[in-house]
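Everything on this sheet refers to the single structure shown next.
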Amino acid sequence: MSRGVLQPSQQKLAEKLTILNDRGIGMLTRIYNIKKACGDPKAKPSYLIDKNLESAVKFIVRKFPAVETRNNNQQLAQLQKEKSEILKNLALYYFTFVDVMEFKDHVSELLNTIDACQVFFDITVNFDLTKNYLDLIVVYTTLMMLLSRIEERKAIIGLYNYAHEMTHGSSDREYPRLGQMIVDYENPLKKMMEEFVPHNKALSDALLSLQMVYPRRNLSADQWRNAQLLSLISAPSTMLNPAQSDTMPCEYLSLDAMEKWIVFGFILCHGVLNTDAAALSLWKLALQSSSCLCLYRDEVYHIHKSAEDLFVNIRGYNKRITDIRECKEAALAHAGSMHRERRKFLRSALKELATVLADQPGLLGPKALFVFMALSFARDEIIWLLRHADNIQKKSADDFIDKHIAELIFYMEELRAHVRKYGPVMQRYYVQYLSGFDAVVLNELVQNLSVCPEDESIIMSSFVNTMTSLGVKQVEDGEVFDFRGMRLDWFRLQAYTSVSKASLGLADHRELGKMMNTIIFHTKMVDSLVEMLVETSDLSIFCRAFEKMFQQCLELPSQSRYSISFPLVCTHFMSCTHELCPEERHHIGDRSLSLCNMFLDEMAKQARNLITDICTEQCTLSDQLLPKHCAKTISQAVNKKSKKQTGKKGEPEREKPGVESMRKNRLLVTNLDKLHTALSELCFSINYVPNMVVWEHTFTPREYLTSHLEIRFTKSIVGMTMYNQATQEIAKPSELLTSVRAYMTVLQSIENYVQIDITRVFNNVLLQQTQHLDSHGEPTITSLYTNWYLETLLRQVSNGHIAYFPAMKAFVNLPTENELTFNAEEYSDISEMRALSELLGPYGMKFLSESLMWHISSQVAELKKLVVDNVEVLTQMRTSFDKPDQMAALFKKLSSVDSVLKRMTIIGVILSFRSLAQEALRDVLSCHIPFLVSSIQDFKDHIPRETDMKVAMNVYELSSAAGLPCEIDPALVVALSSQKSENISPEEEYKIACLLMVFVAVSMPTLASNVMSQYSPAIEGHCNNIHCLAKAINQIAAALFTIHKGSIEDRLKEFLALASSSLLKIGQETDKTTTRNRESVYLLLDMIVQESPFLTMDLLESCFPYVLLRNAYHAVYKQSVTSSA
């Protein structure tokens, strides 16, 4: 079509600009990904690093773009083998380059059409047209520059084409043009400077329209401060007035975008720099503000060096080169500090804005422009900092390291959250604004137009009708608004009215353009708030590494409250993806997820470490209140009374607990104060949002803290036991309980900072500690204490170093040559056992009982073996207890008598320890669940005698779990019943059980000869623990005869008869050695009866005269008085 008959309305400039800009961004994304893939040895196409193809690739690149296949068979032989694979795997790369070429063709065609139509550009009037035009030029320039940075482009294109030639007998049809384009654009800007000579007029006009906008946006922080920019409260009287401007969309236009327009635009139409002072002024201002520009993501363009290289070969440009050098010096000297001050101002301005809007969200209506200006300004400063921090040699490093960047991002996120939350408020305001004001004013403007062609008239009438039909009820009903058609119509109208010889020229009706730009902004406030947020505050540039900034934020206590801004930025990442490059969605999505996870995890770890430090301090303070620390104070008080002088003079007086709480002034800050401050700051961040959605995954920051607290609490509890396997040392249960309670008090206080359920943490952790292993398979305090009591305490009892003192209800160290490393009483008295029950709970105590029973069952197994060895003798003794001479003869035939008694004593000791543990458990549960315990007690006490034994055992098991004593120990029954031998019949088993009782009964007299068997009234027992036999005999008999369904009462009567006759016999002995502790042993009979629920004193009286018992008690008490005297 010749220029004379160009119809602007048929050129569809608006549509082409929209489509090409979108496609250009897509192409940039694809080219960027190709560049990154080629730069990564792991992602690079394998053919480029294949040693077999190395010579072929070098040959292709050297000859590019020529194709020579005939005379180079040797070099290309390997290529022949892999041609089909090359075609398949390099097709995506090749056709992306073809798409770039086609894009270039379309852009060139559109730019020629725009020149032919002599389009008028002014950013303040036809904003959309000018912006899209300048965007297209920058996208096109950037794309060609990025393409030239792919070093492997010739190799990829050449390889594909050679493979095509070998397969199809001819080159790809696009190859000649594509190869030529690659060669032409080796130096893209130089080539484009020649290419843009015809477009200079249109481009320079568009750029010069920025002289009203760019300098106004590129002011110093002091100028912003003096103008009280973004402040809602600087003029209270105008607070409700709508924020207005003749150039609404220019107010939140990205400074970064404008600088790219100016720098690349004036490089392409550089001639205007020599002829127009305004152009030169804009150019120099842009060059002084930045040292590098962002091409795409982390690809940058170093302005000064590149511009100088381009202009150095152009005659008469010495002045421009001098300007560039001066600007470079100015940028290096002042740009860093200028942008630092801007960020400082924006932090306070955004904080004020966010605070006021949080209190009065209704102001989002009239002051919406301020919000988007604030977001755009802050985003520009953040992007500037990121770009320059990584790519510039700094004169002052401080200007490029901003430890407060998190605060600025945080306030941006706060403003974004306000817009999302109060979107309906803004919709109500602007729906009324559009219908009640904008429609009226636009209608008047249209009526006053001197000329208005039919097409333009129809479009503008539709604008007025669309706005007039709006109402608040639509917002209340949740109707979805869509003004995209209206905005596209305005874009089209700009194109129709901006060409030369247009019937209605927008250049002559600037008021109409400015009014329509304002209306378009108002429509976006109704239907495109999310898109506006992306346009003004998208920080997806952060999808590059920014972990260092996060670490700096956490290290600075005053900034840790803003650390949540980093995970929130991860929600932006997906907005940088494009539908033309779907393959990178997964990569960016995964990165956003991994970064968000890492940030939240680090925040939770930091909070956990602070909480742990506070817990350690609190545990130290609570440790000072332990009873053991008051001994010195009591000692000093006693000495004071008796006026004894102890210690050296001038010895400092020990500080009393609580002294740390006495402050002389408010300025004194303790370590605990610092920890609490740091924790409250960090917890504010963790508690800031209940959850966040990143790439369709929901993250809950508080859950990270909860899980970390659970893990640390578990480790701390186990750590506080201070268990040392080598030395067998362990913390006293009461001390551990004190520390755990201090720890829990601190953890409960966390609920003041963060909305987490700390009770859930306690339940999860403390319940796991009642089991043998926790959920990670690690040992718990239950397993550690069970192991210690069994392997250390009770083993030393068996070795004769410790005795059980019934009077004290504790195990006590005996004086021996080798002193023990621990004091048994400090681990086994009532208070310690209660503390142990508090810590382990019913489950843990049940595990302890089961472990004790396992040891008893192993002793019983050995006892049964001894019975089997002596079965014939015992059988005879069982029936001959009334024949003293025969009994004496048979007794001499018995073997391992001492072993039987020793093993029974060990069983008694274990059962005594268990009764201590059960009693402590009962006391603890009676405090915690008195009604439940009393109900269980009642249930146990009222089992009818005729009840089936299985049912009775179930009740006993319940009672035992609550710490109540039972006639028959269910745990012991379970342990012993698992021992049944397959080779022995039940009758034989029963006989062995009966003979075991006989064996013990007839062996008892031998105890009298033992020096250690003397009864001590002070401890109500014997130093060799034989008083524990009473418990062992009763419990073992009850368990064995329950298992074998025998009569417990009958068997114990038999035992009593045998034992009494055996003991009466030693009353006739004259050998003092064998009878030295006869009276002490007599008392065992009384203990057995007292201990037994099945035997009575009447029964004992029938077998053993009570007078002997009375005399025995008298003798041992008399003996103890004599020995103590």
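Each chain of the structure tokens is named A, B, ... in the order shown, its residues numbered from 1; ligands are numbered from 1 in display order.
The neighbours of Pro249 (chain A) here are the residues that come within 8 Å of it, using only C-alpha atoms and leaving out any residue fewer than 3 positions away in the same chain; they are A:Phe127, A:Tyr252, A:Leu253, A:Asn517, A:Thr518, A:Phe521.
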Save out the residues we just selected, all heavy atoms, as a short mmCIF file (atom, residue, chain, number, x, y, z; two decimals), in the first residue's frame.
```
data_model
loop_
_atom_site.label_atom_id
_atom_site.label_comp_id
_atom_site.auth_asym_id
_atom_site.auth_seq_id
_atom_site.Cartn_x
_atom_site.Cartn_y
_atom_site.Cartn_z
N PHE A 127 -0.91 8.69 26.71
CA PHE A 127 -0.01 7.91 27.57
C PHE A 127 0.19 6.49 27.06
O PHE A 127 1.31 6.02 26.92
CB PHE A 127 -0.55 7.89 29.01
CG PHE A 127 0.24 7.01 29.93
CD1 PHE A 127 1.41 7.46 30.53
CD2 PHE A 127 -0.16 5.70 30.19
CE1 PHE A 127 2.15 6.64 31.36
CE2 PHE A 127 0.59 4.88 31.03
CZ PHE A 127 1.74 5.35 31.61
N TYR A 252 2.98 7.07 38.77
CA TYR A 252 3.51 5.80 39.30
C TYR A 252 4.27 5.02 38.22
O TYR A 252 4.50 3.83 38.34
CB TYR A 252 2.38 4.94 39.89
CG TYR A 252 1.25 4.64 38.94
CD1 TYR A 252 1.32 3.55 38.07
CD2 TYR A 252 0.10 5.43 38.91
CE1 TYR A 252 0.29 3.27 37.19
CE2 TYR A 252 -0.95 5.15 38.05
CZ TYR A 252 -0.85 4.08 37.18
OH TYR A 252 -1.88 3.79 36.32
N LEU A 253 4.68 5.73 37.16
CA LEU A 253 5.46 5.12 36.09
C LEU A 253 6.84 4.76 36.62
O LEU A 253 7.45 5.52 37.36
CB LEU A 253 5.59 6.11 34.93
CG LEU A 253 6.20 5.62 33.63
CD1 LEU A 253 5.47 4.41 33.09
CD2 LEU A 253 6.17 6.74 32.60
N ASN A 517 -7.04 9.80 30.62
CA ASN A 517 -5.99 9.10 31.37
C ASN A 517 -6.39 8.94 32.84
O ASN A 517 -6.17 7.89 33.46
CB ASN A 517 -4.65 9.84 31.28
CG ASN A 517 -4.00 9.68 29.91
OD1 ASN A 517 -4.30 8.71 29.20
ND2 ASN A 517 -3.15 10.61 29.52
N THR A 518 -7.01 10.00 33.39
CA THR A 518 -7.49 9.95 34.78
C THR A 518 -8.60 8.91 34.92
O THR A 518 -8.62 8.11 35.86
CB THR A 518 -8.00 11.33 35.21
OG1 THR A 518 -6.93 12.28 35.05
CG2 THR A 518 -8.46 11.33 36.66
N PHE A 521 -7.28 5.43 34.96
CA PHE A 521 -6.75 5.10 36.28
C PHE A 521 -7.89 4.71 37.23
O PHE A 521 -7.79 3.73 37.97
CB PHE A 521 -5.97 6.29 36.86
CG PHE A 521 -5.50 6.08 38.28
CD1 PHE A 521 -4.43 5.23 38.55
CD2 PHE A 521 -6.14 6.70 39.34
CE1 PHE A 521 -4.02 5.02 39.86
CE2 PHE A 521 -5.73 6.48 40.66
CZ PHE A 521 -4.66 5.65 40.91
#
```
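Proximity to Pro1005 (chain A) at 8 Å, evaluated using only C-alpha atoms and with sequence-adjacent residues fewer than 6 positions away removed, yields Ser1062, Leu1063, Ile1066, Arg1078 and Val1081 of chain A.
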*Contacts of Lys16 (chain A) at 12 Å or less, counting only C-alpha atoms, minus same-chain residues fewer than 6 places along, as a ChimeraX atom specification?*
/A:10,22-24,103,106-111,113-114,129,132-133,136,488,491-492,495
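Checking A:Ser540, A:Gln474, A:Thr275, A:Ser558 one by one against Val526 (chain A), counting only C-alpha atoms, you find the shortest gap at A:Gln474.
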Just list the residues in region 149-225 of chain A DSSP gives alpha helix (DSSP H) on the backbone, as a tab-separated table (two decimals) with N, CA, C and O atoms, in the first residue's frame.
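File written: selection-v5.tsv
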```tsv
chain	number	residue	atom	x	y	z
A	153	ARG	N	25.34	-19.13	19.85
A	153	ARG	CA	24.24	-18.99	18.89
A	153	ARG	C	24.62	-19.50	17.50
A	153	ARG	O	23.83	-20.19	16.85
A	154	LYS	N	25.85	-19.21	17.05
A	154	LYS	CA	26.27	-19.66	15.72
A	154	LYS	C	26.39	-21.17	15.67
A	154	LYS	O	25.98	-21.80	14.68
A	155	ALA	N	26.94	-21.74	16.75
A	155	ALA	CA	27.11	-23.20	16.80
A	155	ALA	C	25.76	-23.90	16.75
A	155	ALA	O	25.57	-24.88	16.01
A	156	ILE	N	24.78	-23.39	17.52
A	156	ILE	CA	23.46	-24.03	17.59
A	156	ILE	C	22.75	-23.94	16.24
A	156	ILE	O	22.27	-24.96	15.71
A	157	ILE	N	22.72	-22.72	15.69
A	157	ILE	CA	22.01	-22.52	14.40
A	157	ILE	C	22.71	-23.32	13.30
A	157	ILE	O	22.06	-23.99	12.49
A	158	GLY	N	24.06	-23.24	13.27
A	158	GLY	CA	24.82	-23.95	12.25
A	158	GLY	C	24.65	-25.46	12.35
A	158	GLY	O	24.41	-26.14	11.33
A	159	LEU	N	24.75	-26.01	13.57
A	159	LEU	CA	24.58	-27.46	13.77
A	159	LEU	C	23.22	-27.92	13.27
A	159	LEU	O	23.10	-28.93	12.57
A	160	TYR	N	22.18	-27.17	13.65
A	160	TYR	CA	20.83	-27.55	13.24
A	160	TYR	C	20.70	-27.54	11.71
A	160	TYR	O	20.17	-28.48	11.12
A	161	ASN	N	21.25	-26.48	11.11
A	161	ASN	CA	21.11	-26.36	9.65
A	161	ASN	C	21.89	-27.45	8.92
A	161	ASN	O	21.41	-28.01	7.92
A	162	TYR	N	23.10	-27.79	9.39
A	162	TYR	CA	23.88	-28.86	8.75
A	162	TYR	C	23.14	-30.20	8.88
A	162	TYR	O	23.10	-30.99	7.94
A	163	ALA	N	22.56	-30.44	10.06
A	163	ALA	CA	21.78	-31.67	10.26
A	163	ALA	C	20.58	-31.69	9.31
A	163	ALA	O	20.22	-32.73	8.75
A	164	HIS	N	19.97	-30.53	9.11
A	164	HIS	CA	18.81	-30.40	8.20
A	164	HIS	C	19.25	-30.68	6.77
A	164	HIS	O	18.58	-31.39	6.00
A	165	GLU	N	20.40	-30.10	6.41
A	165	GLU	CA	20.95	-30.27	5.05
A	165	GLU	C	21.24	-31.76	4.78
A	165	GLU	O	20.91	-32.29	3.72
A	166	MET	N	21.82	-32.44	5.78
A	166	MET	CA	22.17	-33.86	5.60
A	166	MET	C	20.93	-34.74	5.55
A	166	MET	O	20.93	-35.78	4.90
A	167	THR	N	19.89	-34.32	6.25
A	167	THR	CA	18.67	-35.13	6.30
A	167	THR	C	17.78	-34.89	5.10
A	167	THR	O	17.27	-35.82	4.46
A	168	HIS	N	17.59	-33.59	4.76
A	168	HIS	CA	16.62	-33.23	3.72
A	168	HIS	C	17.25	-32.79	2.39
A	168	HIS	O	16.54	-32.48	1.43
A	175	TYR	N	17.04	-20.32	7.18
A	175	TYR	CA	18.44	-20.21	7.57
A	175	TYR	C	19.18	-19.02	6.93
A	175	TYR	O	19.90	-18.30	7.65
A	176	PRO	N	19.05	-18.78	5.61
A	176	PRO	CA	19.84	-17.68	5.01
A	176	PRO	C	19.59	-16.34	5.71
A	176	PRO	O	20.53	-15.63	6.07
A	177	ARG	N	18.29	-16.01	5.94
A	177	ARG	CA	17.97	-14.73	6.59
A	177	ARG	C	18.42	-14.74	8.06
A	177	ARG	O	18.92	-13.74	8.56
A	178	LEU	N	18.21	-15.89	8.70
A	178	LEU	CA	18.58	-15.99	10.13
A	178	LEU	C	20.09	-15.84	10.29
A	178	LEU	O	20.56	-15.08	11.17
A	179	GLY	N	20.86	-16.53	9.45
A	179	GLY	CA	22.32	-16.44	9.52
A	179	GLY	C	22.80	-15.02	9.30
A	179	GLY	O	23.68	-14.53	10.02
A	180	GLN	N	22.18	-14.34	8.31
A	180	GLN	CA	22.56	-12.96	8.02
A	180	GLN	C	22.26	-12.04	9.20
A	180	GLN	O	23.03	-11.15	9.54
A	181	MET	N	21.08	-12.28	9.85
A	181	MET	CA	20.70	-11.44	11.01
A	181	MET	C	21.72	-11.62	12.14
A	181	MET	O	22.13	-10.63	12.77
A	182	ILE	N	22.13	-12.86	12.37
A	182	ILE	CA	23.10	-13.11	13.44
A	182	ILE	C	24.40	-12.36	13.17
A	182	ILE	O	24.98	-11.75	14.07
A	183	VAL	N	24.83	-12.39	11.93
A	183	VAL	CA	26.07	-11.69	11.55
A	183	VAL	C	25.90	-10.18	11.66
A	183	VAL	O	26.75	-9.47	12.21
A	184	ASP	N	24.76	-9.67	11.17
A	184	ASP	CA	24.50	-8.22	11.18
A	184	ASP	C	24.47	-7.67	12.60
A	184	ASP	O	24.90	-6.54	12.85
A	188	PRO	N	24.83	-5.19	18.27
A	188	PRO	CA	23.44	-4.85	17.98
A	188	PRO	C	23.14	-3.35	18.01
A	188	PRO	O	22.46	-2.84	17.12
A	189	LEU	N	23.68	-2.63	19.02
A	189	LEU	CA	23.35	-1.20	19.12
A	189	LEU	C	23.89	-0.41	17.93
A	189	LEU	O	23.23	0.49	17.41
A	190	LYS	N	25.09	-0.79	17.47
A	190	LYS	CA	25.68	-0.10	16.32
A	190	LYS	C	24.80	-0.29	15.09
A	190	LYS	O	24.52	0.65	14.33
A	191	LYS	N	24.35	-1.52	14.87
A	191	LYS	CA	23.49	-1.83	13.73
A	191	LYS	C	22.15	-1.10	13.86
A	191	LYS	O	21.62	-0.55	12.88
A	192	MET	N	21.62	-1.06	15.09
A	192	MET	CA	20.30	-0.44	15.29
A	192	MET	C	20.36	1.08	15.18
A	192	MET	O	19.37	1.72	14.82
A	193	MET	N	21.53	1.67	15.50
A	193	MET	CA	21.69	3.13	15.31
A	193	MET	C	21.50	3.49	13.83
A	193	MET	O	20.88	4.49	13.48
A	194	GLU	N	22.01	2.61	12.95
A	194	GLU	CA	21.82	2.84	11.50
A	194	GLU	C	20.36	2.58	11.13
A	194	GLU	O	19.75	3.35	10.37
A	195	GLU	N	19.80	1.52	11.72
A	195	GLU	CA	18.44	1.10	11.40
A	195	GLU	C	17.41	2.16	11.81
A	195	GLU	O	16.36	2.31	11.18
A	200	ASN	N	14.00	8.51	13.73
A	200	ASN	CA	14.51	9.49	14.70
A	200	ASN	C	13.46	10.50	15.15
A	200	ASN	O	13.34	10.83	16.32
A	201	LYS	N	12.67	10.99	14.19
A	201	LYS	CA	11.68	12.05	14.49
A	201	LYS	C	10.66	11.55	15.51
A	201	LYS	O	10.42	12.18	16.56
A	202	ALA	N	10.04	10.41	15.24
A	202	ALA	CA	8.99	9.87	16.13
A	202	ALA	C	9.58	9.53	17.50
A	202	ALA	O	8.99	9.88	18.54
A	203	LEU	N	10.76	8.89	17.50
A	203	LEU	CA	11.36	8.46	18.76
A	203	LEU	C	11.78	9.65	19.61
A	203	LEU	O	11.51	9.70	20.81
A	204	SER	N	12.40	10.65	18.99
A	204	SER	CA	12.85	11.82	19.75
A	204	SER	C	11.66	12.59	20.30
A	204	SER	O	11.69	13.09	21.43
A	205	ASP	N	10.55	12.67	19.54
A	205	ASP	CA	9.34	13.36	20.06
A	205	ASP	C	8.80	12.65	21.29
A	205	ASP	O	8.44	13.30	22.28
A	206	ALA	N	8.75	11.33	21.20
A	206	ALA	CA	8.23	10.54	22.34
A	206	ALA	C	9.12	10.74	23.57
A	206	ALA	O	8.62	10.92	24.69
A	207	LEU	N	10.46	10.72	23.36
A	207	LEU	CA	11.39	10.87	24.48
A	207	LEU	C	11.34	12.27	25.07
A	207	LEU	O	11.39	12.44	26.30
A	208	LEU	N	11.21	13.26	24.21
A	208	LEU	CA	11.19	14.64	24.70
A	208	LEU	C	9.94	14.95	25.53
A	208	LEU	O	9.95	15.87	26.34
A	214	TYR	N	10.11	12.86	33.78
A	214	TYR	CA	11.31	12.22	34.35
A	214	TYR	C	12.04	13.09	35.38
A	214	TYR	O	12.32	12.62	36.49
A	215	PRO	N	12.31	14.38	35.08
A	215	PRO	CA	13.01	15.19	36.11
A	215	PRO	C	12.19	15.31	37.40
A	215	PRO	O	12.76	15.37	38.50
A	216	ARG	N	10.88	15.30	37.26
A	216	ARG	CA	10.01	15.42	38.44
A	216	ARG	C	10.06	14.15	39.30
A	216	ARG	O	9.88	14.18	40.51
A	217	ARG	N	10.29	13.03	38.64
A	217	ARG	CA	10.39	11.74	39.36
A	217	ARG	C	11.78	11.51	39.93
A	217	ARG	O	11.95	10.79	40.89
A	221	ALA	N	16.09	13.12	47.95
A	221	ALA	CA	15.26	12.85	49.13
A	221	ALA	C	14.88	14.15	49.84
A	221	ALA	O	13.76	14.29	50.36
A	222	ASP	N	15.80	15.13	49.88
A	222	ASP	CA	15.49	16.41	50.53
A	222	ASP	C	14.35	17.13	49.82
A	222	ASP	O	13.47	17.72	50.48
A	223	GLN	N	14.35	17.08	48.50
A	223	GLN	CA	13.25	17.71	47.74
A	223	GLN	C	11.93	17.00	48.02
A	223	GLN	O	10.89	17.64	48.17
A	224	TRP	N	11.97	15.67	48.11
A	224	TRP	CA	10.76	14.91	48.47
A	224	TRP	C	10.29	15.31	49.87
A	224	TRP	O	9.10	15.51	50.11
A	225	ARG	N	11.27	15.43	50.78
A	225	ARG	CA	10.93	15.73	52.18
A	225	ARG	C	10.31	17.12	52.28
A	225	ARG	O	9.31	17.33	52.98
```
*So which bits of region 602-755 of chain A end up strand (DSSP E or B) when you DSSP the backbone, as a VMD selection string?*
chain A and resid 692 to 694 697 to 699 724 729
Based on the selection just made, write N, CA, C and O atoms of those residues as a PDB file, in the first residue's frame.
```
ATOM      1  N   MET A 692       0.670 -17.962  53.971  1.00  0.00           N
ATOM      2  CA  MET A 692       0.944 -17.312  52.677  1.00  0.00           C
ATOM      3  C   MET A 692       0.943 -18.379  51.590  1.00  0.00           C
ATOM      4  O   MET A 692       1.328 -19.524  51.838  1.00  0.00           O
ATOM      5  N   VAL A 693       0.481 -17.979  50.423  1.00  0.00           N
ATOM      6  CA  VAL A 693       0.392 -18.935  49.313  1.00  0.00           C
ATOM      7  C   VAL A 693       1.506 -18.638  48.311  1.00  0.00           C
ATOM      8  O   VAL A 693       1.605 -17.526  47.788  1.00  0.00           O
ATOM      9  N   VAL A 694       2.357 -19.628  48.082  1.00  0.00           N
ATOM     10  CA  VAL A 694       3.451 -19.510  47.109  1.00  0.00           C
ATOM     11  C   VAL A 694       3.289 -20.645  46.108  1.00  0.00           C
ATOM     12  O   VAL A 694       3.375 -21.820  46.480  1.00  0.00           O
ATOM     13  N   HIS A 697       1.060 -23.434  46.957  1.00  0.00           N
ATOM     14  CA  HIS A 697       1.409 -24.124  48.203  1.00  0.00           C
ATOM     15  C   HIS A 697       1.183 -23.136  49.346  1.00  0.00           C
ATOM     16  O   HIS A 697       1.563 -21.966  49.236  1.00  0.00           O
ATOM     17  N   THR A 698       0.583 -23.605  50.424  1.00  0.00           N
ATOM     18  CA  THR A 698       0.325 -22.729  51.570  1.00  0.00           C
ATOM     19  C   THR A 698       1.385 -22.960  52.643  1.00  0.00           C
ATOM     20  O   THR A 698       1.624 -24.090  53.056  1.00  0.00           O
ATOM     21  N   PHE A 699       2.015 -21.858  53.070  1.00  0.00           N
ATOM     22  CA  PHE A 699       3.016 -21.908  54.137  1.00  0.00           C
ATOM     23  C   PHE A 699       2.440 -21.254  55.391  1.00  0.00           C
ATOM     24  O   PHE A 699       1.822 -20.195  55.294  1.00  0.00           O
ATOM     25  N   ASN A 724      25.583 -39.381  81.875  1.00  0.00           N
ATOM     26  CA  ASN A 724      26.917 -39.709  81.369  1.00  0.00           C
ATOM     27  C   ASN A 724      27.091 -41.224  81.455  1.00  0.00           C
ATOM     28  O   ASN A 724      27.158 -41.782  82.542  1.00  0.00           O
ATOM     29  N   GLU A 729      26.582 -41.001  85.707  1.00  0.00           N
ATOM     30  CA  GLU A 729      25.996 -39.880  86.456  1.00  0.00           C
ATOM     31  C   GLU A 729      24.717 -39.437  85.772  1.00  0.00           C
ATOM     32  O   GLU A 729      24.607 -39.504  84.550  1.00  0.00           O
TER      33      GLU A 729
END
```
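Straight-line separation from CA of Leu147 (chain A) to CA of Tyr32 (chain A): 8.3 Å.
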*Near region 777-789 of chain A, counting only C-alpha atoms, which residues have an atom at most 9 Å away, once you skip same-chain residues fewer than 4 positions from it, shown as a ChimeraX atom specification?*
/A:714,717-718,721,723,728-730,733,768-773,793-795,827,836,839-840,844-845,847-849,851-852
*asked:* Give me, as a list in words, all polymer residues having an atom no more than 8 Å from Ala439 (chain A), counting only C-alpha atoms and skipping those fewer than 4 positions away in the same chain.
replied: Leu434, Ser435, Asn443, Phe463, Val464, Asn465, Met467 and Thr468 of chain A
Please produce a file of those selected residues containing all heavy atoms, as a short mmCIF file (atom, residue, chain, number, x, y, z; two decimals), in the first residue's frame.
```cif
data_model
loop_
_atom_site.label_atom_id
_atom_site.label_comp_id
_atom_site.auth_asym_id
_atom_site.auth_seq_id
_atom_site.Cartn_x
_atom_site.Cartn_y
_atom_site.Cartn_z
N LEU A 434 -16.62 7.42 39.10
CA LEU A 434 -16.78 7.29 37.64
C LEU A 434 -18.17 7.72 37.20
O LEU A 434 -18.32 8.45 36.20
CB LEU A 434 -16.52 5.83 37.22
CG LEU A 434 -15.05 5.37 37.21
CD1 LEU A 434 -14.97 3.86 37.18
CD2 LEU A 434 -14.31 5.96 36.00
N SER A 435 -19.20 7.27 37.93
CA SER A 435 -20.58 7.57 37.48
C SER A 435 -21.01 8.98 37.84
O SER A 435 -21.75 9.63 37.09
CB SER A 435 -21.55 6.55 38.09
OG SER A 435 -21.50 6.62 39.50
N ASN A 443 -18.62 13.93 29.41
CA ASN A 443 -19.76 14.27 28.56
C ASN A 443 -19.70 15.74 28.13
O ASN A 443 -19.91 16.08 26.96
CB ASN A 443 -21.06 13.98 29.31
CG ASN A 443 -22.24 13.93 28.35
OD1 ASN A 443 -22.08 13.57 27.18
ND2 ASN A 443 -23.42 14.31 28.82
N PHE A 463 -18.09 5.31 26.29
CA PHE A 463 -17.40 5.56 27.56
C PHE A 463 -18.36 6.16 28.58
O PHE A 463 -18.46 5.69 29.72
CB PHE A 463 -16.23 6.54 27.37
CG PHE A 463 -15.06 6.01 26.57
CD1 PHE A 463 -14.08 6.87 26.09
CD2 PHE A 463 -14.95 4.65 26.30
CE1 PHE A 463 -13.00 6.39 25.36
CE2 PHE A 463 -13.87 4.16 25.56
CZ PHE A 463 -12.90 5.03 25.09
N VAL A 464 -19.06 7.21 28.14
CA VAL A 464 -19.98 7.92 29.04
C VAL A 464 -21.08 6.97 29.51
O VAL A 464 -21.40 6.91 30.70
CB VAL A 464 -20.59 9.15 28.33
CG1 VAL A 464 -21.66 9.81 29.22
CG2 VAL A 464 -19.50 10.16 27.99
N ASN A 465 -21.65 6.20 28.58
CA ASN A 465 -22.74 5.27 28.94
C ASN A 465 -22.27 4.20 29.92
O ASN A 465 -22.98 3.86 30.87
CB ASN A 465 -23.30 4.60 27.68
CG ASN A 465 -23.99 5.60 26.77
OD1 ASN A 465 -24.42 6.66 27.22
ND2 ASN A 465 -24.08 5.28 25.47
N MET A 467 -19.84 4.38 32.11
CA MET A 467 -19.61 4.96 33.44
C MET A 467 -20.93 5.34 34.12
O MET A 467 -21.09 5.15 35.33
CB MET A 467 -18.69 6.18 33.33
CG MET A 467 -17.26 5.80 32.96
SD MET A 467 -16.13 7.18 33.07
CE MET A 467 -16.59 8.15 31.65
N THR A 468 -21.87 5.86 33.35
CA THR A 468 -23.14 6.30 33.93
C THR A 468 -23.91 5.12 34.51
O THR A 468 -24.63 5.26 35.51
CB THR A 468 -24.00 7.01 32.86
OG1 THR A 468 -23.19 7.99 32.20
CG2 THR A 468 -25.22 7.69 33.48
#
```
What are the nearest atom pairs, with distances in Å to one decimal, for all residues of region 376-428 of chain A that come at most 6 Å from region 562-568 of chain A, using only C-alpha atoms, set out by chain and rising residue number as a Markdown table?
```
| residue | atom | partner | partner_atom | distance |
| --- | --- | --- | --- | --- |
| A:Ala406 | CA | A:Tyr562 | CA | 5.6 |
| A:Glu407 | CA | A:Tyr562 | CA | 5.5 |
| A:Ile409 | CA | A:Ser565 | CA | 6.0 |
| A:Phe410 | CA | A:Ser565 | CA | 4.9 |
```
Restricting the output to C-alpha atoms, write the selected residues as a PDB file, in the first residue's frame.
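Saved the output as out24.pdb:
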```pdb
ATOM      1  CA  ALA A 406      13.805  -5.538  54.704  1.00  0.00           C
ATOM      2  CA  GLU A 407      11.985  -2.662  56.413  1.00  0.00           C
ATOM      3  CA  ILE A 409       9.999  -4.271  51.557  1.00  0.00           C
ATOM      4  CA  PHE A 410       7.910  -4.870  54.687  1.00  0.00           C
TER       5      PHE A 410
END
```
